[in-house]
Structures are given as C-alpha cells and as structure tokens.
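This is input_34.csv. It holds CSV, C-alpha atoms.
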```
chain,number,residue,atom,x,y,z
I,226,MET,CA,84.9,92.5,27.8
I,227,ILE,CA,83.5,94.9,25.2
I,228,PHE,CA,85.0,98.1,26.5
I,229,THR,CA,88.7,98.4,26.1
I,230,ARG,CA,90.4,101.3,27.9
I,231,GLU,CA,90.5,103.3,24.6
I,232,ILE,CA,86.8,102.8,23.8
I,233,PHE,CA,85.9,103.8,27.4
I,234,LEU,CA,88.1,106.9,27.1
I,235,ALA,CA,86.4,107.7,23.7
I,236,LEU,CA,83.0,107.4,25.4
I,237,LEU,CA,84.0,109.7,28.2
I,238,CYS,CA,85.4,112.3,25.7
I,239,SER,CA,82.2,112.0,23.7
I,240,VAL,CA,79.9,112.8,26.7
I,241,VAL,CA,82.2,115.5,28.1
I,242,PHE,CA,82.4,117.4,24.8
I,243,THR,CA,78.7,117.0,24.1
I,244,SER,CA,77.6,118.2,27.5
I,245,GLY,CA,80.3,120.9,27.4
I,246,GLY,CA,78.8,122.1,24.1
I,247,GLN,CA,75.3,122.2,25.7
I,248,LEU,CA,76.6,124.2,28.7
I,249,LEU,CA,78.3,126.6,26.2
I,250,GLN,CA,74.9,127.0,24.4
I,251,LYS,CA,73.4,127.9,27.8
I,252,GLN,CA,76.2,130.5,28.3
I,253,ALA,CA,75.5,131.8,24.8
I,254,SER,CA,71.8,132.2,25.4
I,255,LEU,CA,72.6,134.0,28.7
I,256,LYS,CA,74.8,136.5,26.8
I,257,TYR,CA,72.1,137.1,24.2
I,258,THR,CA,69.6,138.1,26.8
I,259,SER,CA,72.0,140.5,28.4
I,260,ILE,CA,73.0,142.2,25.1
I,261,LYS,CA,70.1,143.9,23.4
I,262,ASN,CA,69.9,144.5,19.7
I,263,SER,CA,72.7,142.2,18.7
I,264,SER,CA,72.4,140.9,15.1
I,265,VAL,CA,71.9,137.2,14.2
I,266,PHE,CA,75.3,137.4,12.5
I,267,ARG,CA,77.0,138.7,15.6
I,268,ARG,CA,75.3,136.0,17.7
I,269,LEU,CA,76.5,133.2,15.4
I,270,LEU,CA,80.0,134.5,15.6
I,271,SER,CA,80.1,134.8,19.4
I,272,ILE,CA,82.9,132.7,21.0
I,273,GLU,CA,80.3,130.8,23.0
I,274,PHE,CA,78.3,129.7,20.0
I,275,VAL,CA,81.3,128.8,17.8
I,276,GLY,CA,82.8,127.0,20.8
I,277,SER,CA,79.6,125.0,21.5
I,278,THR,CA,79.4,123.9,17.9
I,279,ALA,CA,83.0,122.8,17.9
I,280,PHE,CA,82.5,120.9,21.1
I,281,LEU,CA,79.4,119.1,19.8
I,282,GLY,CA,81.3,118.2,16.6
I,283,LEU,CA,84.2,116.7,18.7
I,284,GLY,CA,81.6,114.9,20.8
I,285,LEU,CA,80.2,113.4,17.6
I,286,LEU,CA,83.6,112.3,16.4
I,287,PHE,CA,84.4,110.5,19.6
I,288,TRP,CA,80.9,109.0,19.4
I,289,MET,CA,81.7,107.5,16.0
I,290,ILE,CA,84.8,105.9,17.4
I,291,VAL,CA,82.7,104.3,20.2
I,292,LEU,CA,80.2,103.0,17.6
I,293,THR,CA,82.9,101.3,15.6
I,294,LYS,CA,83.5,98.9,18.5
I,295,VAL,CA,80.3,98.8,20.7
I,296,GLU,CA,76.9,97.7,19.7
I,297,LEU,CA,74.3,100.5,19.4
I,298,SER,CA,71.8,98.9,21.7
I,299,LEU,CA,74.4,99.0,24.5
I,300,ALA,CA,76.2,102.3,23.6
I,301,TYR,CA,73.2,104.6,23.0
I,302,PRO,CA,71.6,104.5,26.5
I,303,LEU,CA,75.1,105.2,27.9
I,304,LEU,CA,74.7,108.7,26.4
I,305,SER,CA,72.4,109.5,29.3
I,306,ILE,CA,75.6,110.2,31.3
I,307,ASN,CA,75.0,113.6,29.7
I,308,TYR,CA,72.1,114.2,32.2
I,309,VAL,CA,74.5,113.7,35.1
I,310,LEU,CA,77.2,116.0,33.6
I,311,ILE,CA,74.7,118.7,32.7
I,312,LEU,CA,73.2,118.7,36.2
I,313,LEU,CA,76.7,119.0,37.7
I,314,GLY,CA,77.4,121.9,35.2
I,315,ALA,CA,74.2,123.6,36.2
I,316,ARG,CA,75.0,123.3,39.9
I,317,TYR,CA,78.7,124.2,39.9
I,318,LEU,CA,79.2,126.4,36.8
I,319,PHE,CA,75.8,128.2,36.6
I,320,LYS,CA,75.2,128.0,40.4
I,321,GLU,CA,71.6,126.9,39.9
I,322,LYS,CA,69.7,125.5,42.8
I,323,ILE,CA,69.0,121.9,42.1
I,324,PRO,CA,65.9,120.3,43.7
I,325,LEU,CA,66.6,117.0,45.6
I,326,GLN,CA,64.3,115.2,43.1
I,327,ARG,CA,66.7,115.9,40.2
I,328,TRP,CA,69.7,114.5,42.1
I,329,LEU,CA,67.5,111.4,42.8
I,330,GLY,CA,66.7,111.1,39.0
I,331,VAL,CA,70.4,111.4,38.1
I,332,PHE,CA,71.3,108.8,40.7
I,333,ILE,CA,68.7,106.4,39.2
I,334,ILE,CA,70.2,107.1,35.7
I,335,LEU,CA,73.6,106.2,37.1
I,336,ILE,CA,72.2,102.9,38.5
I,337,GLY,CA,70.8,102.1,35.0
I,338,ILE,CA,74.2,102.9,33.4
I,339,GLY,CA,75.8,100.6,36.1
I,340,VAL,CA,73.4,97.8,35.1
I,341,LEU,CA,74.3,98.2,31.4
I,342,LEU,CA,78.1,98.3,32.0
I,343,ARG,CA,78.0,95.3,34.4
I,344,GLY,CA,80.1,92.7,32.7
I,345,ALA,CA,81.0,95.0,29.8
I,346,ILE,CA,84.0,96.6,31.2
V,135,MET,CA,50.3,134.3,30.8
V,136,SER,CA,46.7,133.1,31.1
V,137,THR,CA,47.2,129.7,29.5
V,138,SER,CA,50.4,127.6,29.6
V,139,PRO,CA,51.7,126.5,26.2
V,140,ASP,CA,50.8,122.9,27.0
V,141,ASP,CA,47.1,123.7,27.1
V,142,ARG,CA,46.8,123.8,23.4
V,143,ILE,CA,49.0,121.3,21.6
V,144,LYS,CA,47.7,120.9,18.1
V,145,PRO,CA,47.8,117.6,16.2
V,146,LYS,CA,50.4,119.1,14.0
V,147,SER,CA,52.7,119.7,17.0
V,148,TRP,CA,52.4,116.1,18.1
V,149,LEU,CA,53.4,115.1,14.5
V,150,ILE,CA,56.5,117.3,14.8
V,151,LEU,CA,57.3,115.8,18.1
V,152,SER,CA,57.0,112.3,16.8
V,153,VAL,CA,59.1,113.0,13.8
V,154,ALA,CA,61.8,114.6,16.0
V,155,ILE,CA,61.9,111.6,18.2
V,156,LEU,CA,61.9,109.2,15.2
V,157,LEU,CA,64.7,111.2,13.5
V,158,THR,CA,66.9,111.1,16.6
V,159,ALA,CA,66.7,107.3,16.6
V,160,VAL,CA,67.1,107.0,12.9
V,161,GLY,CA,70.2,109.2,12.9
V,162,GLN,CA,71.8,106.9,15.5
V,163,LEU,CA,70.9,103.8,13.4
V,164,PHE,CA,72.5,105.4,10.3
V,165,MET,CA,75.6,106.3,12.2
V,166,LYS,CA,76.0,102.8,13.5
V,167,LEU,CA,75.3,101.5,10.0
V,168,SER,CA,78.1,103.6,8.6
V,169,THR,CA,80.7,102.2,11.1
V,170,GLN,CA,79.8,98.7,9.9
V,171,THR,CA,81.0,99.3,6.3
V,172,LEU,CA,83.9,101.5,7.3
V,173,SER,CA,87.2,99.7,6.9
V,174,GLY,CA,89.0,101.8,9.4
V,175,TRP,CA,89.6,105.4,10.3
V,176,GLY,CA,93.2,105.6,9.1
V,177,GLU,CA,92.3,104.0,5.8
V,178,LEU,CA,89.3,106.3,5.3
V,179,TRP,CA,91.5,109.4,5.9
V,180,GLN,CA,94.1,108.1,3.5
V,181,GLN,CA,91.6,107.3,0.8
V,182,LEU,CA,90.0,110.7,1.3
V,183,THR,CA,93.3,112.5,0.7
V,184,GLU,CA,94.0,110.4,-2.4
V,185,TYR,CA,90.4,110.8,-3.8
V,186,ALA,CA,90.2,107.0,-4.0
V,187,LEU,CA,87.4,105.7,-1.8
V,188,THR,CA,86.7,102.0,-1.8
V,189,SER,CA,83.0,101.2,-2.3
V,190,GLY,CA,82.6,100.1,1.3
V,191,ASN,CA,83.9,103.5,2.5
V,192,GLN,CA,81.7,105.3,0.0
V,193,THR,CA,78.7,103.5,1.5
V,194,ALA,CA,80.0,104.3,5.0
V,195,LEU,CA,80.2,108.0,4.1
V,196,LEU,CA,76.7,108.0,2.6
V,197,TRP,CA,75.2,106.4,5.8
V,198,PHE,CA,77.2,108.8,7.9
V,199,SER,CA,76.0,111.8,6.0
V,200,LEU,CA,72.4,110.6,6.4
V,201,GLY,CA,73.1,110.1,10.1
V,202,ILE,CA,74.4,113.7,10.5
V,203,LEU,CA,71.5,115.1,8.5
V,204,SER,CA,69.0,113.3,10.7
V,205,TYR,CA,70.9,114.4,13.8
V,206,PHE,CA,71.0,118.0,12.7
V,207,VAL,CA,67.3,118.1,11.5
V,208,SER,CA,66.2,116.4,14.7
V,209,MET,CA,68.1,119.0,16.8
V,210,LEU,CA,66.4,121.9,14.9
V,211,MET,CA,63.0,120.2,15.4
V,212,TRP,CA,63.8,119.6,19.1
V,213,VAL,CA,64.4,123.4,19.6
V,214,TYR,CA,61.0,124.0,17.8
V,215,VAL,CA,59.3,121.4,20.0
V,216,LEU,CA,60.5,123.3,23.1
V,217,SER,CA,58.7,126.4,21.9
V,218,PHE,CA,55.3,124.7,22.4
V,219,LEU,CA,56.1,122.0,24.9
V,220,LYS,CA,57.6,122.3,28.4
V,221,LEU,CA,60.9,120.6,29.0
V,222,SER,CA,59.3,118.5,31.8
V,223,LYS,CA,57.0,116.9,29.2
V,224,ALA,CA,59.4,116.9,26.2
V,225,TYR,CA,62.3,115.1,28.0
V,226,PRO,CA,60.3,112.1,29.2
V,227,LEU,CA,58.7,111.8,25.7
V,228,PHE,CA,62.1,112.0,24.2
V,229,SER,CA,63.3,108.9,26.1
V,230,ILE,CA,61.1,107.0,23.6
V,231,ALA,CA,64.2,107.3,21.4
V,232,TYR,CA,66.0,104.9,23.8
V,233,ILE,CA,63.3,102.3,23.1
V,234,LEU,CA,63.3,103.0,19.3
V,235,VAL,CA,67.1,102.7,19.0
V,236,TYR,CA,67.0,99.4,21.0
V,237,LEU,CA,64.2,98.0,18.9
V,238,GLY,CA,65.8,99.1,15.7
V,239,ALA,CA,69.2,97.7,16.6
V,240,VAL,CA,67.9,94.2,17.6
V,241,LEU,CA,65.1,93.9,15.0
V,242,LEU,CA,66.7,95.2,11.8
V,243,PRO,CA,68.7,92.5,10.0
V,244,GLN,CA,71.4,95.0,9.2
V,245,PHE,CA,72.5,95.0,12.8
V,246,ASP,CA,73.6,91.8,14.4
V,247,GLU,CA,72.5,92.8,17.9
V,248,SER,CA,70.5,90.8,20.4
V,249,THR,CA,68.1,91.7,23.3
V,250,SER,CA,69.2,90.8,26.8
V,251,LEU,CA,67.6,91.2,30.2
V,252,GLN,CA,70.5,93.3,31.3
V,253,LYS,CA,70.0,95.8,28.4
V,254,SER,CA,66.2,95.9,28.9
V,255,ILE,CA,66.5,96.5,32.6
V,256,GLY,CA,69.3,99.1,32.2
V,257,ILE,CA,67.3,101.1,29.6
V,258,ALA,CA,64.1,100.9,31.7
V,259,ILE,CA,65.9,102.2,34.8
V,260,ILE,CA,67.5,105.0,32.8
V,261,ILE,CA,64.1,106.1,31.4
V,262,ILE,CA,62.6,106.1,34.9
V,263,GLY,CA,65.6,108.3,35.9
V,264,VAL,CA,65.0,110.7,33.0
V,265,VAL,CA,61.4,111.0,33.9
V,266,ILE,CA,62.3,111.9,37.5
V,267,VAL,CA,64.9,114.4,36.4
V,268,SER,CA,62.5,116.1,34.1
V,269,LEU,CA,59.3,116.3,36.1
V,270,PRO,CA,58.8,119.6,38.0
V,271,SER,CA,59.8,119.4,41.6
V,272,PRO,CA,57.0,120.0,44.3
V,273,ARG,CA,58.4,123.6,44.8
V,274,GLU,CA,58.3,124.4,41.0
V,275,ARG,CA,54.8,123.0,40.8
V,276,SER,CA,53.6,125.3,43.6
V,277,MET,CA,55.3,128.2,42.0
V,278,ARG,CA,53.4,127.6,38.8
V,279,VAL,CA,50.1,127.5,40.7
V,280,ASP,CA,51.0,130.9,42.3
V,281,ASN,CA,51.5,132.4,38.9
V,282,LYS,CA,48.0,131.6,37.7
```
If you took the structure in this file and wrote it as structure tokens, what would it be?
Amino acid sequence: MIFTREIFLALLCSVVFTSGGQLLQKQASLKYTSIKNSSVFRRLLSIEFVGSTAFLGLGLLFWMIVLTKVELSLAYPLLSINYVLILLGARYLFKEKIPLQRWLGVFIILIGIGVLLRGAI
Amino acid sequence: MSTSPDDRIKPKSWLILSVAILLTAVGQLFMKLSTQTLSGWGELWQQLTEYALTSGNQTALLWFSLGILSYFVSMLMWVYVLSFLKLSKAYPLFSIAYILVYLGAVLLPQFDESTSLQKSIGIAIIIIGVVIVSLPSPRERSMRVDNK
C-alpha cells in the first residue's frame, strides 16, 4: 500500500486544481476574443487569468506533497487524470460537443490509470 | 487558409518541440529530486521563517527552483509549439514525456525506482488513450477536407 488516504487526497486536489486552472485559462481566452482592444496589462489582471495562475500554483503544491511519498515513475502517469477532468469540463461547463472517439480515449486512459493503481491503494 | 500550419514544419520547430518535451520530463525529475533531500514540509517552513536552512533543505530548494523553472519554460515553449503544430499532433508527441520520466526515474542512480510490468503496461495504455483523445474524429477530418 503506497497511497495512504492523505496522499490520494493530495493527488486528487492536485489534478482538480490543475485542470481547474486550465479550464479558467480557456475562460480567459474566450473573454479576450469577445473584448476587443484590451491591453496586455488588463488581460493579465483579469480574474480568470489570476485565478488560473493561482489554481495551477495550488495544483503544483499538492503535486509536491504527492511526490514526497510516491515514486515518480508511478505518480507522473497518474497526472493523465487531467485529460478526463478537462473533457468533463469541456462537456459540462463549456457545453462543447464531444465526439465518441474522445470519450473512448479517456476511457482507455482510465483503464491505464486503473492498471497503475492496482495494488497501490 | 491555403496550407495548414503542419505542412511546413521547419527543423528549428522540431528542435523547439523536442526541447519542450525534454524540459517537461526534466522538470518532473528535478521536483522529485527536491523531495528526496527535503526533511519535511513543517521543518522547511520553520527554517524559512528563521532564515536557518539546513544544507539538505537548501539543496531541496535548489532542485525545486530548477524544477519550477523547467516547468515554466516548458509551458511557454508548449504554447509556442501550438502556434505551428496542431493539438492533434502535439498531444500524442507530448506523451513521449511519460516515457522519458519513466526512463529517467528508473535509470538515473539518484532515484531508487524500478521498472515493473504493471507500470510499463499502465503507461503504454495511457499513451494509447492520449493518442485516441487527440486525433481528430472522422467528422472533424471531413470538415477539414471541406475547408480546402
């Protein structure tokens, strides 16, 4: 058993904050295209951009906690949970149409994660 | 658009892509290295507030800074890569980082990690999944043909 409850929670927080940060980046870029002539300074100060940076920072902090306990060769591929969370965010927050192929890819990623976690939880 | 950006990838662009992938992996290895000399989060925080870092924690902070730097630079390069390479090609290529991190962690003597069939199969399945996620769906492919 490598993953204690705390480490598993840290991993979850890491991927949730990282993908949350990436979804906020998307939100920021959508805002930039709708507002014309906004200065770079204004863009960098937008709540979406500041929020995304803060989220990515928090994700990194939780990631460091994971790394103190779990070997890198096992932990790093687990970050691919991000693909799953981003796809869900694209579907339910941004209402994007997701082709079946992408759900299949994410399902296969989940199988890979399952293989890695087998015996580690 | 008469030509898609992918039709003219210069050798320089491939170099940038390679460095971006390499830096992603190197950044992770640096971060892992930093946790190995770190004595503990609470201790690190206490020593930081007292301006009295032990040499182990100094080394940890150095590796961590290098890790963050690699992470940051690789992210900037990644954004640049996307200006000339479609996401559907860039993402599968980026999963090379999974292989590099795996190789680095098990081959470099600094890390006491070992290969296992379970890890190899898990990583291989994840890479297959990433490729399937990234490749354009049949509908997107036909839309691209219509645009030409």
How far is it from CA of Thr243 in chain I to CA of Phe280 in chain I, in Å with one decimal?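 Separation between CA of Thr243 in chain I and CA of Phe280 in chain I: 6.2 Å.
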Residues at most 9 Å from Glu247 in chain V, counting only C-alpha atoms, excluding those fewer than 6 positions away in the same chain, as JSON, numbers by chain? {"I": [296, 297, 298], "V": [239, 240, 241]}
Which of I:Val331, I:Arg343, I:Phe228, I:Gly276 sits closest to Thr293 in chain I [using only C-alpha atoms]: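 Under the stated criterion, the closest residue is I:Phe228.
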I'd like the contact shell of range 173-175 of chain V - 10 Å cut-off, all atoms listed in the file, skipping same-chain residues fewer than 2 positions apart - returned as a PDB file with C-alpha atoms, keeping the file's coordinate frame.
```
ATOM      1  CA  MET I 289      81.700 107.500  16.000  1.00  0.00           C
ATOM      2  CA  ILE I 290      84.800 105.900  17.400  1.00  0.00           C
ATOM      3  CA  THR I 293      82.900 101.300  15.600  1.00  0.00           C
TER       4      THR I 293
ATOM      5  CA  THR V 169      80.700 102.200  11.100  1.00  0.00           C
ATOM      6  CA  GLN V 170      79.800  98.700   9.900  1.00  0.00           C
ATOM      7  CA  THR V 171      81.000  99.300   6.300  1.00  0.00           C
ATOM      8  CA  GLU V 177      92.300 104.000   5.800  1.00  0.00           C
ATOM      9  CA  LEU V 178      89.300 106.300   5.300  1.00  0.00           C
ATOM     10  CA  TRP V 179      91.500 109.400   5.900  1.00  0.00           C
ATOM     11  CA  GLN V 180      94.100 108.100   3.500  1.00  0.00           C
ATOM     12  CA  GLN V 181      91.600 107.300   0.800  1.00  0.00           C
ATOM     13  CA  THR V 188      86.700 102.000  -1.800  1.00  0.00           C
ATOM     14  CA  GLY V 190      82.600 100.100   1.300  1.00  0.00           C
ATOM     15  CA  ASN V 191      83.900 103.500   2.500  1.00  0.00           C
ATOM     16  CA  ALA V 194      80.000 104.300   5.000  1.00  0.00           C
TER      17      ALA V 194
END
```
Shell of 9 Å around Ala279 in chain I, all atoms listed in the file, local chain residues under 5 positions omitted, as a count of residues only: 4
In Å to one decimal, how far is CA of Met211 in chain V from CA of Ala154 in chain V? 5.8 Å
How many Å lie between CA of Ser152 in chain V and CA of Ile306 in chain I, rounded to one decimal? 23.7 Å
Should the cut-off be 6 Å, what would the residue list for chain V against chain I look like, counting all atoms listed in the file, as a list in words?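 Those within range of chain I come out as Lys166, Thr169, Tyr236, Ala239, Lys253, Gly256, Ile259, Ile260, Gly263, Ile266 and Val267 of chain V.
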When you look at Ser277 in chain I with a cut-off of 10 Å (counting only C-alpha atoms), what residues show up, excluding the ones that are within fewer than 5 positions of it in the same chain? I need them as JSON, numbers by chain. {"I": [242, 243, 244, 245, 246, 247, 248, 249, 250, 251, 252, 253, 272, 282, 283]}
Can you tell me which residues surround Leu221 in chain V at a distance of at most 9 Å, considering all atoms listed in the file, apart from same-chain residues fewer than 3 positions away, and format the answer as JSON, numbers by chain? {"V": [216, 224, 225, 226, 268, 269]}
Generate the coordinates of N, CA and C atoms for range 242-274 of chain V; report them as a PDB file, in the coordinates of the input.
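Below you can see selection_14.pdb, which holds the result:
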```
ATOM      1  N   LEU V 242      66.230  95.082  13.186  1.00  0.00           N
ATOM      2  CA  LEU V 242      66.700  95.200  11.800  1.00  0.00           C
ATOM      3  C   LEU V 242      67.789  94.255  11.487  1.00  0.00           C
ATOM      4  N   PRO V 243      67.662  93.554  10.344  1.00  0.00           N
ATOM      5  CA  PRO V 243      68.700  92.500  10.000  1.00  0.00           C
ATOM      6  C   PRO V 243      70.058  93.115   9.731  1.00  0.00           C
ATOM      7  N   GLN V 244      70.136  94.413   9.429  1.00  0.00           N
ATOM      8  CA  GLN V 244      71.400  95.000   9.200  1.00  0.00           C
ATOM      9  C   GLN V 244      72.333  95.018  10.413  1.00  0.00           C
ATOM     10  N   PHE V 245      71.714  94.996  11.576  1.00  0.00           N
ATOM     11  CA  PHE V 245      72.500  95.000  12.800  1.00  0.00           C
ATOM     12  C   PHE V 245      72.404  93.646  13.463  1.00  0.00           C
ATOM     13  N   ASP V 246      73.547  93.136  13.794  1.00  0.00           N
ATOM     14  CA  ASP V 246      73.600  91.800  14.400  1.00  0.00           C
ATOM     15  C   ASP V 246      73.578  91.929  15.905  1.00  0.00           C
ATOM     16  N   GLU V 247      72.546  92.557  16.452  1.00  0.00           N
ATOM     17  CA  GLU V 247      72.500  92.800  17.900  1.00  0.00           C
ATOM     18  C   GLU V 247      71.348  92.008  18.504  1.00  0.00           C
ATOM     19  N   SER V 248      71.497  91.653  19.761  1.00  0.00           N
ATOM     20  CA  SER V 248      70.500  90.800  20.400  1.00  0.00           C
ATOM     21  C   SER V 248      69.926  91.532  21.660  1.00  0.00           C
ATOM     22  N   THR V 249      68.704  91.156  22.008  1.00  0.00           N
ATOM     23  CA  THR V 249      68.100  91.700  23.300  1.00  0.00           C
ATOM     24  C   THR V 249      68.783  90.920  24.420  1.00  0.00           C
ATOM     25  N   SER V 250      68.818  91.561  25.565  1.00  0.00           N
ATOM     26  CA  SER V 250      69.200  90.800  26.800  1.00  0.00           C
ATOM     27  C   SER V 250      68.472  91.461  27.936  1.00  0.00           C
ATOM     28  N   LEU V 251      68.300  90.675  28.981  1.00  0.00           N
ATOM     29  CA  LEU V 251      67.600  91.200  30.200  1.00  0.00           C
ATOM     30  C   LEU V 251      68.341  92.366  30.745  1.00  0.00           C
ATOM     31  N   GLN V 252      69.685  92.243  30.708  1.00  0.00           N
ATOM     32  CA  GLN V 252      70.500  93.300  31.300  1.00  0.00           C
ATOM     33  C   GLN V 252      70.286  94.641  30.547  1.00  0.00           C
ATOM     34  N   LYS V 253      70.276  94.608  29.200  1.00  0.00           N
ATOM     35  CA  LYS V 253      70.000  95.800  28.400  1.00  0.00           C
ATOM     36  C   LYS V 253      68.631  96.375  28.725  1.00  0.00           C
ATOM     37  N   SER V 254      67.630  95.482  28.685  1.00  0.00           N
ATOM     38  CA  SER V 254      66.200  95.900  28.900  1.00  0.00           C
ATOM     39  C   SER V 254      66.064  96.591  30.243  1.00  0.00           C
ATOM     40  N   ILE V 255      66.612  95.959  31.280  1.00  0.00           N
ATOM     41  CA  ILE V 255      66.500  96.500  32.600  1.00  0.00           C
ATOM     42  C   ILE V 255      67.231  97.837  32.738  1.00  0.00           C
ATOM     43  N   GLY V 256      68.474  97.861  32.190  1.00  0.00           N
ATOM     44  CA  GLY V 256      69.300  99.100  32.200  1.00  0.00           C
ATOM     45  C   GLY V 256      68.565 100.250  31.583  1.00  0.00           C
ATOM     46  N   ILE V 257      68.003 100.007  30.381  1.00  0.00           N
ATOM     47  CA  ILE V 257      67.300 101.100  29.600  1.00  0.00           C
ATOM     48  C   ILE V 257      66.058 101.511  30.405  1.00  0.00           C
ATOM     49  N   ALA V 258      65.320 100.541  30.967  1.00  0.00           N
ATOM     50  CA  ALA V 258      64.100 100.900  31.700  1.00  0.00           C
ATOM     51  C   ALA V 258      64.446 101.769  32.920  1.00  0.00           C
ATOM     52  N   ILE V 259      65.531 101.415  33.637  1.00  0.00           N
ATOM     53  CA  ILE V 259      65.900 102.200  34.800  1.00  0.00           C
ATOM     54  C   ILE V 259      66.321 103.627  34.375  1.00  0.00           C
ATOM     55  N   ILE V 260      67.077 103.716  33.250  1.00  0.00           N
ATOM     56  CA  ILE V 260      67.500 105.000  32.800  1.00  0.00           C
ATOM     57  C   ILE V 260      66.278 105.893  32.419  1.00  0.00           C
ATOM     58  N   ILE V 261      65.270 105.289  31.775  1.00  0.00           N
ATOM     59  CA  ILE V 261      64.100 106.100  31.400  1.00  0.00           C
ATOM     60  C   ILE V 261      63.351 106.552  32.660  1.00  0.00           C
ATOM     61  N   ILE V 262      63.259 105.691  33.677  1.00  0.00           N
ATOM     62  CA  ILE V 262      62.600 106.100  34.900  1.00  0.00           C
ATOM     63  C   ILE V 262      63.424 107.325  35.506  1.00  0.00           C
ATOM     64  N   GLY V 263      64.763 107.235  35.452  1.00  0.00           N
ATOM     65  CA  GLY V 263      65.600 108.300  35.900  1.00  0.00           C
ATOM     66  C   GLY V 263      65.367 109.614  35.156  1.00  0.00           C
ATOM     67  N   VAL V 264      65.272 109.502  33.824  1.00  0.00           N
ATOM     68  CA  VAL V 264      65.000 110.700  33.000  1.00  0.00           C
ATOM     69  C   VAL V 264      63.712 111.337  33.324  1.00  0.00           C
ATOM     70  N   VAL V 265      62.679 110.506  33.543  1.00  0.00           N
ATOM     71  CA  VAL V 265      61.400 111.000  33.900  1.00  0.00           C
ATOM     72  C   VAL V 265      61.443 111.810  35.217  1.00  0.00           C
ATOM     73  N   ILE V 266      62.139 111.219  36.204  1.00  0.00           N
ATOM     74  CA  ILE V 266      62.300 111.900  37.500  1.00  0.00           C
ATOM     75  C   ILE V 266      63.058 113.177  37.410  1.00  0.00           C
ATOM     76  N   VAL V 267      64.131 113.152  36.592  1.00  0.00           N
ATOM     77  CA  VAL V 267      64.900 114.400  36.400  1.00  0.00           C
ATOM     78  C   VAL V 267      64.071 115.479  35.792  1.00  0.00           C
ATOM     79  N   SER V 268      63.190 115.110  34.842  1.00  0.00           N
ATOM     80  CA  SER V 268      62.500 116.100  34.100  1.00  0.00           C
ATOM     81  C   SER V 268      61.235 116.680  34.730  1.00  0.00           C
ATOM     82  N   LEU V 269      60.555 115.852  35.519  1.00  0.00           N
ATOM     83  CA  LEU V 269      59.300 116.300  36.100  1.00  0.00           C
ATOM     84  C   LEU V 269      59.567 117.493  37.033  1.00  0.00           C
ATOM     85  N   PRO V 270      58.644 118.466  37.071  1.00  0.00           N
ATOM     86  CA  PRO V 270      58.800 119.600  38.000  1.00  0.00           C
ATOM     87  C   PRO V 270      58.840 119.153  39.425  1.00  0.00           C
ATOM     88  N   SER V 271      59.717 119.748  40.224  1.00  0.00           N
ATOM     89  CA  SER V 271      59.800 119.400  41.600  1.00  0.00           C
ATOM     90  C   SER V 271      58.544 120.001  42.334  1.00  0.00           C
ATOM     91  N   PRO V 272      58.188 119.511  43.547  1.00  0.00           N
ATOM     92  CA  PRO V 272      57.000 120.000  44.300  1.00  0.00           C
ATOM     93  C   PRO V 272      57.049 121.569  44.374  1.00  0.00           C
ATOM     94  N   ARG V 273      58.254 122.115  44.613  1.00  0.00           N
ATOM     95  CA  ARG V 273      58.400 123.600  44.800  1.00  0.00           C
ATOM     96  C   ARG V 273      58.054 124.293  43.465  1.00  0.00           C
ATOM     97  N   GLU V 274      58.581 123.742  42.337  1.00  0.00           N
ATOM     98  CA  GLU V 274      58.300 124.400  41.000  1.00  0.00           C
ATOM     99  C   GLU V 274      56.821 124.287  40.700  1.00  0.00           C
TER     100      GLU V 274
END
```
